[in-house]
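Text of upload_19.txt (compact mmCIF, C-alpha atoms) as supplied:
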# COMPACT_ATOMS: atom_id res chain seq x y z
CA MET M 1 1.23 15.79 22.54
CA GLN M 2 -0.77 17.89 20.11
CA ALA M 3 -1.63 21.53 20.70
CA PHE M 4 -5.41 21.04 20.71
CA SER M 5 -5.59 17.61 22.35
CA GLY M 6 -8.64 17.39 24.62
CA LEU M 7 -10.68 20.01 22.76
CA LYS M 8 -14.09 18.96 21.45
CA VAL M 9 -15.32 20.51 18.21
CA LEU M 10 -18.72 20.28 16.54
CA ASP M 11 -18.37 20.81 12.80
CA PHE M 12 -21.64 21.89 11.16
CA THR M 13 -19.94 22.87 7.91
CA THR M 14 -20.03 21.69 4.31
CA THR M 15 -18.09 22.17 1.10
CA ILE M 16 -14.65 23.80 1.60
CA ALA M 17 -14.20 26.84 3.88
CA GLY M 18 -15.63 25.40 7.10
CA PRO M 19 -14.34 21.86 6.60
CA HIS M 20 -10.84 23.26 5.92
CA CYS M 21 -10.93 25.18 9.22
CA ALA M 22 -12.22 22.19 11.20
CA ARG M 23 -9.64 19.87 9.63
CA LEU M 24 -6.85 22.17 10.80
CA LEU M 25 -8.28 21.85 14.31
CA ALA M 26 -8.30 18.06 13.93
CA ASP M 27 -4.74 18.15 12.58
CA LEU M 28 -3.68 19.70 15.90
CA GLY M 29 -5.40 17.00 17.94
CA ALA M 30 -8.94 18.27 18.53
CA ASP M 31 -11.76 15.71 18.53
CA VAL M 32 -13.83 17.03 15.60
CA ILE M 33 -17.32 15.62 15.20
CA LYS M 34 -18.75 16.43 11.77
CA ILE M 35 -22.54 16.63 11.81
CA GLU M 36 -24.02 15.74 8.43
CA THR M 37 -27.44 15.29 6.88
CA ALA M 38 -28.52 11.91 5.53
CA GLU M 39 -27.32 13.08 2.10
CA GLY M 40 -23.92 14.01 3.49
CA ASP M 41 -21.59 16.89 2.68
CA LEU M 42 -21.85 17.57 -1.06
CA MET M 43 -18.07 17.14 -1.33
CA ARG M 44 -18.68 13.41 -0.86
CA SER M 45 -19.92 13.36 -4.46
CA ARG M 46 -17.01 15.31 -5.94
CA PRO M 47 -14.22 13.59 -7.89
CA PRO M 48 -11.79 11.95 -7.65
CA LEU M 49 -14.16 9.11 -6.69
CA ARG M 50 -13.10 5.50 -6.00
CA ASN M 51 -15.91 3.09 -5.29
CA GLY M 52 -18.08 6.03 -4.25
CA ALA M 53 -15.55 7.54 -1.85
CA SER M 54 -14.24 11.04 -2.67
CA THR M 55 -10.64 11.96 -1.98
CA SER M 56 -11.63 15.65 -2.25
CA TYR M 57 -13.92 15.06 0.73
CA GLY M 58 -11.12 13.16 2.44
CA GLN M 59 -8.65 16.00 1.92
CA LEU M 60 -10.99 18.34 3.82
CA ASN M 61 -12.26 15.95 6.49
CA ALA M 62 -9.46 13.58 7.42
CA GLY M 63 -9.17 12.94 11.13
CA LYS M 64 -12.78 13.80 11.94
CA ARG M 65 -15.68 11.66 13.14
CA SER M 66 -18.96 11.75 11.21
CA ILE M 67 -22.46 11.55 12.64
CA VAL M 68 -25.79 11.94 10.85
CA LEU M 69 -28.50 14.04 12.49
CA ASP M 70 -31.62 15.44 10.82
CA LEU M 71 -31.91 18.84 12.47
CA LYS M 72 -35.52 19.11 11.30
CA ARG M 73 -36.36 16.44 13.91
CA PRO M 74 -36.88 17.77 17.45
CA GLU M 75 -35.15 14.71 18.91
CA ALA M 76 -32.05 15.38 16.82
CA VAL M 77 -32.00 19.05 17.80
CA ALA M 78 -32.26 18.08 21.48
CA ALA M 79 -29.34 15.66 21.05
CA THR M 80 -27.36 18.36 19.27
CA ARG M 81 -27.93 20.75 22.16
CA ARG M 82 -26.62 18.10 24.56
CA LEU M 83 -23.49 17.75 22.43
CA ILE M 84 -23.11 21.53 22.36
CA GLY M 85 -23.15 21.54 26.17
CA GLY M 86 -19.95 19.49 26.19
CA ALA M 87 -18.19 21.19 23.27
CA ASP M 88 -15.36 23.70 23.28
CA ILE M 89 -15.79 24.95 19.73
CA ILE M 90 -18.49 25.08 17.08
CA VAL M 91 -17.75 25.82 13.42
CA GLU M 92 -20.72 26.47 11.14
CA ASN M 93 -21.27 27.93 7.67
CA TYR M 94 -25.05 27.99 7.36
CA ARG M 95 -26.68 31.02 5.78
CA PRO M 96 -27.04 33.70 8.51
CA GLY M 97 -30.21 33.10 10.49
CA VAL M 98 -30.45 29.34 9.94
CA THR M 99 -28.91 28.36 13.27
CA ARG M 100 -31.30 30.68 15.08
CA ARG M 101 -34.27 28.96 13.45
CA LEU M 102 -32.83 25.60 14.50
CA GLY M 103 -32.27 26.78 18.06
CA ILE M 104 -28.52 26.18 17.96
CA ASP M 105 -27.30 29.75 17.40
CA TYR M 106 -24.64 31.32 19.61
CA ALA M 107 -27.13 33.23 21.77
CA SER M 108 -28.94 29.99 22.61
CA ALA M 109 -25.87 27.78 22.90
CA SER M 110 -23.84 30.16 25.08
CA VAL M 111 -26.55 30.19 27.77
CA GLU M 112 -25.88 26.51 28.41
CA ASN M 113 -22.18 26.68 27.62
CA PRO M 114 -20.65 30.11 28.33
CA ARG M 115 -17.15 28.80 27.53
CA LEU M 116 -18.21 27.94 23.98
CA ILE M 117 -16.24 29.42 21.09
CA TYR M 118 -18.69 29.64 18.22
CA CYS M 119 -17.28 30.40 14.75
CA SER M 120 -19.62 31.38 11.90
CA ILE M 121 -18.25 31.53 8.35
CA SER M 122 -20.32 33.25 5.67
CA GLY M 123 -19.94 35.10 2.41
CA TYR M 124 -20.34 38.63 3.71
CA GLY M 125 -20.72 38.41 7.48
CA GLN M 126 -23.60 37.71 9.85
CA THR M 127 -25.22 41.16 9.66
CA GLY M 128 -25.53 44.01 7.19
CA PRO M 129 -27.19 44.59 3.80
CA ALA M 130 -25.35 41.70 2.10
CA ALA M 131 -25.57 39.17 4.94
CA ASP M 132 -28.40 37.16 3.37
CA LYS M 133 -26.83 36.93 -0.08
CA PRO M 134 -25.82 33.41 -1.11
CA ALA M 135 -22.10 33.22 -1.74
CA TYR M 136 -19.72 30.66 -3.15
CA ALA M 137 -16.03 31.34 -3.67
CA PRO M 138 -16.25 32.27 -7.40
CA VAL M 139 -18.96 34.84 -6.61
CA VAL M 140 -16.85 36.34 -3.83
CA HIS M 141 -13.81 36.47 -6.13
CA ALA M 142 -15.90 38.60 -8.50
CA THR M 143 -17.58 40.86 -5.96
CA SER M 144 -14.40 41.54 -3.98
CA GLY M 145 -12.60 42.99 -7.00
CA TYR M 146 -10.10 40.14 -7.03
CA ASP M 147 -10.87 38.94 -10.55
CA LEU M 148 -10.68 42.40 -12.15
CA ALA M 149 -7.54 43.21 -10.14
CA HIS M 150 -5.99 40.04 -11.53
CA ILE M 151 -6.96 40.74 -15.14
CA ALA M 152 -5.51 44.25 -14.88
CA TYR M 153 -2.07 42.61 -14.96
CA HIS M 154 -2.85 41.23 -18.43
CA PRO M 155 -3.03 44.24 -20.78
CA GLY M 156 -5.38 43.80 -23.69
CA ARG M 157 -7.65 41.33 -21.94
CA GLU M 158 -11.17 42.35 -21.03
CA ARG M 159 -12.99 39.16 -20.02
CA PRO M 160 -12.32 37.99 -16.44
CA ASP M 161 -10.86 34.53 -15.94
CA SER M 162 -13.09 31.58 -15.16
CA CYS M 163 -12.65 30.25 -11.62
CA GLY M 164 -11.74 26.69 -10.77
CA ILE M 165 -9.55 27.23 -7.69
CA PHE M 166 -11.60 28.34 -4.71
CA THR M 167 -9.18 30.71 -3.03
CA ALA M 168 -11.86 32.51 -0.99
CA ASP M 169 -12.82 29.27 0.75
CA ILE M 170 -9.30 28.40 1.87
CA VAL M 171 -8.59 31.99 2.95
CA ALA M 172 -11.80 32.14 5.02
CA GLY M 173 -11.15 28.74 6.57
CA THR M 174 -7.63 29.77 7.52
CA TYR M 175 -8.82 33.07 9.02
CA ALA M 176 -11.42 31.12 11.00
CA PHE M 177 -8.70 28.80 12.33
CA GLY M 178 -6.66 31.82 13.42
CA ALA M 179 -9.65 33.49 15.06
CA ILE M 180 -10.50 30.31 16.97
CA SER M 181 -6.90 30.00 18.16
CA ALA M 182 -6.98 33.61 19.40
CA ALA M 183 -10.32 33.04 21.14
CA LEU M 184 -8.94 29.95 22.89
CA TYR M 185 -6.14 32.05 24.36
CA GLN M 186 -8.59 34.74 25.47
CA ARG M 187 -10.78 32.06 27.08
CA SER M 188 -7.76 30.78 29.00
CA VAL M 189 -7.55 34.25 30.58
CA THR M 190 -11.22 35.16 31.01
CA GLY M 191 -12.89 31.74 31.21
CA LYS M 192 -15.48 32.89 28.68
CA GLY M 193 -16.13 31.99 25.05
CA GLN M 194 -17.36 34.25 22.29
CA HIS M 195 -18.89 34.42 18.82
CA LEU M 196 -16.54 34.74 15.82
CA ASP M 197 -17.91 36.19 12.56
CA VAL M 198 -15.69 35.38 9.54
CA SER M 199 -16.36 37.02 6.16
CA MET M 200 -15.14 35.43 2.93
CA PHE M 201 -15.56 38.82 1.22
CA GLU M 202 -13.22 40.60 3.62
CA GLY M 203 -10.78 37.70 3.48
CA MET M 204 -10.42 38.15 -0.27
CA LEU M 205 -9.97 41.90 0.10
CA SER M 206 -7.13 41.23 2.54
CA LEU M 207 -5.16 39.52 -0.25
CA MET M 208 -4.97 42.70 -2.30
CA THR M 209 -2.67 44.91 -0.24
CA VAL M 210 -1.39 47.14 -3.05
CA GLU M 211 -4.67 47.17 -4.94
CA LEU M 212 -6.58 48.23 -1.83
CA GLN M 213 -4.26 51.19 -1.34
CA ALA M 214 -4.17 52.02 -5.05
CA SER M 215 -7.95 52.35 -5.01
CA GLN M 216 -7.60 55.25 -2.57
CA PHE M 217 -4.67 57.18 -4.05
CA ASN M 218 -3.13 58.11 -7.39
CA MET M 219 -0.65 55.55 -8.60
CA PRO M 220 1.93 55.64 -11.42
CA PRO M 221 0.52 54.28 -14.69
CA ARG M 222 0.47 50.51 -14.78
CA PRO M 223 3.28 49.02 -16.91
CA LYS M 224 2.29 47.63 -20.30
CA ARG M 225 3.57 44.26 -19.08
CA ALA M 226 3.14 42.82 -15.58
CA LEU M 227 6.06 43.27 -13.18
CA TYR M 228 5.74 39.66 -12.03
CA GLY M 229 5.03 37.28 -14.85
CA PRO M 230 6.47 34.60 -17.10
CA ALA M 231 9.73 34.90 -18.98
CA ALA M 232 9.96 32.49 -21.91
CA THR M 233 12.78 29.94 -22.06
CA ALA M 234 13.77 27.56 -24.83
CA ASP M 235 11.35 24.94 -23.49
CA GLY M 236 8.95 26.63 -21.06
CA PHE M 237 8.53 29.60 -18.74
CA VAL M 238 10.15 30.89 -15.55
CA ASN M 239 8.82 33.50 -13.12
CA ILE M 240 11.60 35.91 -12.18
CA ALA M 241 10.78 38.21 -9.24
CA VAL M 242 12.80 41.42 -9.55
CA ALA M 243 11.71 42.68 -6.14
CA SER M 244 14.73 44.72 -4.99
CA GLU M 245 17.61 46.73 -6.39
CA ARG M 246 20.05 43.98 -5.46
CA THR M 247 17.91 41.43 -7.30
CA PHE M 248 17.85 43.65 -10.38
CA GLN M 249 21.61 44.12 -10.31
CA GLU M 250 22.23 40.38 -9.92
CA LEU M 251 19.86 39.63 -12.79
CA GLY M 252 21.94 41.90 -15.00
CA ASN M 253 25.10 40.16 -13.83
CA ALA M 254 23.56 36.76 -14.56
CA ALA M 255 22.63 37.82 -18.07
CA GLY M 256 25.84 39.74 -18.68
CA LYS M 257 23.84 42.88 -19.46
CA PRO M 258 24.50 46.49 -18.31
CA TRP M 259 20.90 47.05 -17.20
CA ALA M 260 21.93 48.51 -13.84
CA THR M 261 23.49 51.52 -15.60
CA ASP M 262 20.97 51.81 -18.45
CA PRO M 263 18.99 55.06 -17.86
CA ARG M 264 15.80 53.32 -19.01
CA PHE M 265 16.04 50.75 -16.23
CA ALA M 266 18.50 51.87 -13.54
CA LYS M 267 15.93 53.51 -11.24
CA TYR M 268 12.76 51.74 -10.14
CA LEU M 269 10.25 54.26 -11.51
CA ASP M 270 12.05 54.44 -14.86
CA ARG M 271 12.27 50.67 -14.95
CA ARG M 272 8.57 50.41 -14.19
CA ALA M 273 7.69 52.85 -16.97
CA ASN M 274 9.83 50.88 -19.46
CA TRP M 275 9.04 47.42 -18.13
CA ALA M 276 7.75 45.98 -21.40
CA GLU M 277 10.95 47.03 -23.13
CA PHE M 278 13.02 45.52 -20.32
CA MET M 279 11.16 42.22 -20.53
CA ASP M 280 11.70 42.08 -24.29
CA GLU M 281 15.45 42.40 -23.73
CA LEU M 282 15.37 39.92 -20.85
CA GLU M 283 13.61 37.33 -23.00
CA GLU M 284 16.16 37.70 -25.76
CA TRP M 285 18.51 36.13 -23.23
CA THR M 286 16.18 33.69 -21.43
CA ARG M 287 15.00 32.17 -24.73
CA THR M 288 18.56 31.01 -25.44
CA LEU M 289 18.49 28.73 -22.36
CA THR M 290 16.36 25.79 -21.31
CA THR M 291 14.37 26.19 -18.12
CA SER M 292 16.82 24.07 -16.13
CA GLU M 293 19.82 25.97 -17.55
CA LEU M 294 18.24 29.32 -16.74
CA MET M 295 17.35 28.24 -13.22
CA ALA M 296 20.93 27.11 -12.61
CA VAL M 297 22.26 30.54 -13.62
CA LEU M 298 19.67 32.47 -11.61
CA ASP M 299 20.23 30.31 -8.53
CA ARG M 300 23.97 30.97 -8.67
CA HIS M 301 23.27 34.70 -8.60
CA GLY M 302 20.60 34.53 -5.90
CA VAL M 303 17.82 35.80 -8.16
CA PRO M 304 14.37 34.69 -6.90
CA ALA M 305 12.87 32.59 -9.68
CA GLY M 306 10.92 29.43 -10.25
CA PRO M 307 9.75 27.33 -13.19
CA TYR M 308 6.07 27.03 -14.03
CA ARG M 309 5.03 23.54 -12.96
CA THR M 310 1.95 21.38 -12.80
CA VAL M 311 0.60 20.40 -9.38
CA LYS M 312 1.84 16.86 -10.01
CA GLU M 313 5.33 18.19 -10.70
CA ALA M 314 5.21 20.39 -7.59
CA LEU M 315 4.22 17.44 -5.39
CA ALA M 316 7.35 15.60 -6.57
CA ASP M 317 9.56 18.39 -5.17
CA PRO M 318 12.02 16.82 -2.69
CA GLN M 319 11.41 19.76 -0.34
CA LEU M 320 7.95 18.37 0.42
CA ALA M 321 9.39 14.95 1.20
CA HIS M 322 12.00 16.56 3.46
CA ARG M 323 9.28 18.37 5.44
CA GLY M 324 6.92 15.40 5.57
CA ALA M 325 4.29 17.55 3.89
CA MET M 326 2.08 14.67 2.71
CA GLN M 327 0.12 12.25 4.89
CA GLU M 328 -1.41 8.94 3.85
CA VAL M 329 -5.11 8.77 4.67
CA HIS M 330 -7.49 5.84 4.35
CA ASP M 331 -11.20 5.73 3.62
CA ALA M 332 -13.65 3.02 2.64
CA ALA M 333 -12.08 2.75 -0.82
CA GLY M 334 -8.41 2.61 0.15
CA ALA M 335 -5.46 4.98 0.57
CA PHE M 336 -4.63 8.42 -0.79
CA LYS M 337 -2.43 11.32 0.27
CA VAL M 338 -3.41 14.72 1.65
CA LEU M 339 -1.41 17.82 2.48
CA ASN M 340 -0.56 18.42 6.13
CA PRO M 341 -0.82 21.96 7.56
CA ALA M 342 1.70 24.34 6.03
CA PHE M 343 3.29 25.03 9.42
CA ARG M 344 5.34 22.94 11.85
CA MET M 345 5.55 23.20 15.63
CA SER M 346 8.65 22.16 17.55
CA ALA M 347 6.70 20.75 20.51
CA SER M 348 3.53 19.49 18.83
CA GLU M 349 2.53 17.24 15.96
CA THR M 350 0.78 18.92 13.03
CA GLN M 351 -0.54 16.30 10.65
CA ALA M 352 -3.75 15.00 9.18
CA GLY M 353 -5.57 12.15 10.87
CA PRO M 354 -5.15 8.73 9.27
CA ARG M 355 -8.80 8.22 8.27
CA ALA M 356 -11.59 10.07 6.45
CA PRO M 357 -14.92 9.01 7.97
CA ALA M 358 -17.74 7.27 6.14
CA LEU M 359 -21.08 9.06 6.34
CA GLY M 360 -22.52 8.59 9.81
CA GLU M 361 -19.78 6.15 10.78
CA HIS M 362 -19.63 7.42 14.37
CA THR M 363 -23.27 8.33 15.06
CA ARG M 364 -23.97 5.62 17.62
CA GLU M 365 -20.53 5.93 19.19
CA VAL M 366 -20.89 9.68 19.75
CA LEU M 367 -24.48 9.56 21.00
CA ALA M 368 -23.73 6.66 23.32
CA ALA M 369 -20.82 8.60 24.79
CA ALA M 370 -23.27 11.47 25.38
CA GLY M 371 -25.35 9.15 27.56
CA TYR M 372 -28.06 7.95 25.19
CA SER M 373 -29.36 4.37 25.23
CA GLU M 374 -29.81 2.30 22.07
CA SER M 375 -33.56 2.93 22.06
CA GLU M 376 -33.00 6.66 22.49
CA ILE M 377 -30.43 6.65 19.67
CA ALA M 378 -32.96 4.94 17.44
CA ALA M 379 -35.51 7.65 18.22
CA ILE M 380 -32.99 10.41 17.55
CA THR M 381 -31.79 8.97 14.25
CA GLY M 382 -35.13 7.60 13.10
CA THR M 383 -33.59 4.18 12.49
Could you render the structure as structure tokens?
Amino acid sequence: MQAFSGLKVLDFTTTIAGPHCARLLADLGADVIKIETAEGDLMRSRPPLRNGASTSYGQLNAGKRSIVLDLKRPEAVAATRRLIGGADIIVENYRPGVTRRLGIDYASASVENPRLIYCSISGYGQTGPAADKPAYAPVVHATSGYDLAHIAYHPGRERPDSCGIFTADIVAGTYAFGAISAALYQRSVTGKGQHLDVSMFEGMLSLMTVELQASQFNMPPRPKRALYGPAATADGFVNIAVASERTFQELGNAAGKPWATDPRFAKYLDRRANWAEFMDELEEWTRTLTTSELMAVLDRHGVPAGPYRTVKEALADPQLAHRGAMQEVHDAAGAFKVLNPAFRMSASETQAGPRAPALGEHTREVLAAAGYSESEIAAITGT
């Protein structure tokens, strides 16, 4: 049994945010039909590529079925509307207004299917002065304040970081998954679906709890060195999170230093004001130990800390193997591994499907199941 077994999802999304949301639905057992153009989702062209098949695409679309429909063709739009009539959920990330022009927007679709849960993911929301602005994750990182908030923890730096990790996409996709789950519960009570409007911009703002409040009120001056950052060791770096008074006291015990009674550091606000000085003294100790030696000492004292690792090193962590965090997936070029959802359920499987679909692999299968004959399928697909 999987939590979403029996649910039918139409996935009109591309790139990362929408596909991530729809894959989570598939991971919980929903039948997710990904509707692509003849060119396919642009992630199909993104490396790593093996014999033309992208594992980045596979990571985001494992467990789905793929059909190709040209929504500029009236026959394809009519077929899409028939599929919508039998769907439970739609996920789309077109620019606001596109689905209305195609005749597959929520207002149109809900007339035929009032139980439909229709989730729209966009940069800034479906309405408002910024609704029509094109938005990719790096742009949203910049406009939300996230990049400048991040650089503020690096005194002396003025140029924002370049972006290669698309946090806004994953955050928006995860919020969309949560909103859909909530709407499913509400539908179980009312019998009615609804439209969900997910904003990448607001999702990024939600990550900055302290910064959002600091923008409204006076805050103590920022320390000259970040409160949470790297401490150098003899052969690398460790992040030590001094998040409570007990943690601070145990760190002093681990180092054999009287920091807990030092007037510069004993109280939080004094410690914050003198943080750069504290870190200098801390590193005098941490530099005498290798990363593994330091971690052994900190672990014995219960001090939250972790070494800086590459992704490859992190994936070798035995904790992931213990939790069954990775799933083998196959595509046209062979096998690769993807990450399962980051949560487990005691009475339901939560894991990626075993296959990433080839472009249009299930077109005839899906249309035939919707009641179309071979000649009608040929007219719809133009083949």
Quick one: of M:Gly191, M:Leu227, M:Gly353, M:Arg271, who's nearest to M:Pro155, counting all atoms listed in the file?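 Counting all atoms listed in the file, the residue closest to M:Pro155 is M:Leu227.
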Among listed residues M:Phe237, M:Tyr153, M:Tyr94, M:Tyr372, nearest M:Glu283 (using all atoms listed in the file):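 For M:Glu283, the nearest of the given residues is M:Phe237.
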Quick one: contact table of stretch 282-363 of chain M to stretch 245-269 of chain M, 9 Å max, nearest atom pair and distance in Å to one decimal per residue, counting all atoms listed in the file, chain and number order, as CSV?
residue,atom,partner,partner_atom,distance
M:Leu282,CA,M:Ala255,CA,8.1
M:Trp285,CA,M:Ala255,CA,6.8
M:Thr286,CA,M:Ala255,CA,8.4
M:Val297,CA,M:Ala254,CA,6.4
M:Leu298,CA,M:Ala254,CA,6.5
M:Arg300,CA,M:Ala254,CA,8.3
M:His301,CA,M:Glu250,CA,5.9
M:Gly302,CA,M:Glu250,CA,7.3
M:Val303,CA,M:Thr247,CA,5.7
M:Pro304,CA,M:Thr247,CA,7.6
Option closest in space to M:Ile67, from M:Thr363, M:Gln319, M:Thr209, M:Gln194 [counting all atoms listed in the file]: M:Thr363
Straight-line distance linking atom CA of M:Pro74 with atom CA of M:Cys119, stated in Å to one decimal: 23.5 Å
Tell me which protein, DNA and RNA residues are within 10 Å of M:Lys133, counting all atoms listed in the file, leaving out same-chain ones fewer than 3 positions away, and put them as a PDB file with C-alpha atoms, keeping the file's coordinate frame.
ATOM      1  CA  ARG M  95     -26.680  31.020   5.780  1.00  0.00           C
ATOM      2  CA  PRO M  96     -27.040  33.700   8.510  1.00  0.00           C
ATOM      3  CA  SER M 122     -20.320  33.250   5.670  1.00  0.00           C
ATOM      4  CA  GLY M 123     -19.940  35.100   2.410  1.00  0.00           C
ATOM      5  CA  TYR M 124     -20.340  38.630   3.710  1.00  0.00           C
ATOM      6  CA  GLY M 125     -20.720  38.410   7.480  1.00  0.00           C
ATOM      7  CA  PRO M 129     -27.190  44.590   3.800  1.00  0.00           C
ATOM      8  CA  ALA M 130     -25.350  41.700   2.100  1.00  0.00           C
ATOM      9  CA  TYR M 136     -19.720  30.660  -3.150  1.00  0.00           C
TER      10      TYR M 136
END
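Residues having any atom no farther than 10 Å from (-0.7, 26.5, 2.1) (counting all atoms listed in the file) are M:Ile170, M:Val171, M:Thr174, M:Leu339, M:Asn340, M:Pro341, M:Ala342, M:Phe343.
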Work out how far apart atom CA of M:Gly203 and atom CA of M:Ser5 are and give it in Å to one decimal.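 Interatomic distance here is 28.0 Å.
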Name all residues at most 8 Å from M:Leu148 (count only C-alpha atoms; drop same-chain ones fewer than 4 positions away) and give them as a ChimeraX atom specification. /M:142,152,160
Between M:Ile117, M:Met43, M:Val210, M:Met279, which residue has the minimum interatomic distance to M:His150, considering all atoms listed in the file?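 Result for the nearest residue to M:His150: M:Val210.
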Tell me, as a list in words, which residues lie within 8 Å of M:Val91, counting only C-alpha atoms; anything in the same chain fewer than 6 positions away does not count.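 These residues fall inside the cut-off: Val9, Leu10, Asp11, Phe12, Thr13, Gly18, Ala22, Tyr118, Cys119, Ser120 and Ile121 of chain M.
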Let me make sure I understand: among M:Thr55, M:Ser144, M:Gln216, M:Ser292, which one has the smallest atom-to-atom distance to M:Val238 if we use all atoms listed in the file? M:Ser292
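The shortest atom-to-atom distance to M:Gly86, with all atoms listed in the file taken into account, belongs to M:Gly371 out of M:Tyr185, M:Gly371, M:Glu284, M:Ala214.
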Give me the residues near M:Val111 as a list in words, where near means some atom within 12 Å (using all atoms listed in the file) and where sequence neighbours in that chain fewer than 4 positions away do not count.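 Result of the neighbour search: Arg81, Ile84, Gly85, Gly103, Ile104, Asp105, Tyr106, Ala107, Arg115, Leu116, Lys192, Gly193 and Gln194 of chain M.
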Completed stretch 203-209 of chain M (all heavy atoms) as an mmCIF file, in the coordinates of the input:
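Dumped to result02.cif:
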data_model
loop_
_atom_site.group_PDB
_atom_site.id
_atom_site.type_symbol
_atom_site.label_atom_id
_atom_site.label_comp_id
_atom_site.auth_asym_id
_atom_site.auth_seq_id
_atom_site.Cartn_x
_atom_site.Cartn_y
_atom_site.Cartn_z
ATOM 1 N N GLY M 203 -11.986 38.500 3.639
ATOM 2 C CA GLY M 203 -10.780 37.700 3.480
ATOM 3 C C GLY M 203 -10.147 37.887 2.117
ATOM 4 O O GLY M 203 -8.916 37.999 1.996
ATOM 5 N N MET M 204 -10.966 37.935 1.074
ATOM 6 C CA MET M 204 -10.420 38.150 -0.270
ATOM 7 C C MET M 204 -9.845 39.544 -0.415
ATOM 8 O O MET M 204 -8.796 39.733 -1.034
ATOM 9 C CB MET M 204 -11.505 37.906 -1.317
ATOM 10 C CG MET M 204 -11.818 36.445 -1.554
ATOM 11 S SD MET M 204 -10.372 35.444 -2.018
ATOM 12 C CE MET M 204 -9.962 36.144 -3.611
ATOM 13 N N LEU M 205 -10.514 40.536 0.161
ATOM 14 C CA LEU M 205 -9.970 41.900 0.100
ATOM 15 C C LEU M 205 -8.598 41.968 0.766
ATOM 16 O O LEU M 205 -7.720 42.721 0.327
ATOM 17 C CB LEU M 205 -10.931 42.873 0.779
ATOM 18 C CG LEU M 205 -12.147 43.289 -0.055
ATOM 19 C CD1 LEU M 205 -13.185 43.967 0.823
ATOM 20 C CD2 LEU M 205 -11.730 44.204 -1.189
ATOM 21 N N SER M 206 -8.398 41.186 1.814
ATOM 22 C CA SER M 206 -7.130 41.230 2.540
ATOM 23 C C SER M 206 -5.958 40.745 1.692
ATOM 24 O O SER M 206 -4.797 41.031 2.010
ATOM 25 C CB SER M 206 -7.217 40.402 3.825
ATOM 26 O OG SER M 206 -7.148 39.010 3.552
ATOM 27 N N LEU M 207 -6.228 40.001 0.623
ATOM 28 C CA LEU M 207 -5.160 39.520 -0.250
ATOM 29 C C LEU M 207 -4.598 40.608 -1.152
ATOM 30 O O LEU M 207 -3.522 40.439 -1.721
ATOM 31 C CB LEU M 207 -5.671 38.359 -1.119
ATOM 32 C CG LEU M 207 -6.133 37.099 -0.403
ATOM 33 C CD1 LEU M 207 -6.594 36.062 -1.425
ATOM 34 C CD2 LEU M 207 -5.020 36.529 0.460
ATOM 35 N N MET M 208 -5.325 41.695 -1.295
ATOM 36 C CA MET M 208 -4.970 42.700 -2.300
ATOM 37 C C MET M 208 -4.412 43.951 -1.636
ATOM 38 O O MET M 208 -5.004 45.039 -1.694
ATOM 39 C CB MET M 208 -6.200 43.011 -3.157
ATOM 40 C CG MET M 208 -6.671 41.813 -3.954
ATOM 41 S SD MET M 208 -8.141 42.118 -4.946
ATOM 42 C CE MET M 208 -9.432 42.084 -3.679
ATOM 43 N N THR M 209 -3.252 43.819 -1.013
ATOM 44 C CA THR M 209 -2.670 44.910 -0.240
ATOM 45 C C THR M 209 -2.433 46.154 -1.099
ATOM 46 O O THR M 209 -2.908 47.249 -0.784
ATOM 47 C CB THR M 209 -1.333 44.462 0.380
ATOM 48 O OG1 THR M 209 -1.562 43.280 1.138
ATOM 49 C CG2 THR M 209 -0.757 45.541 1.265
#
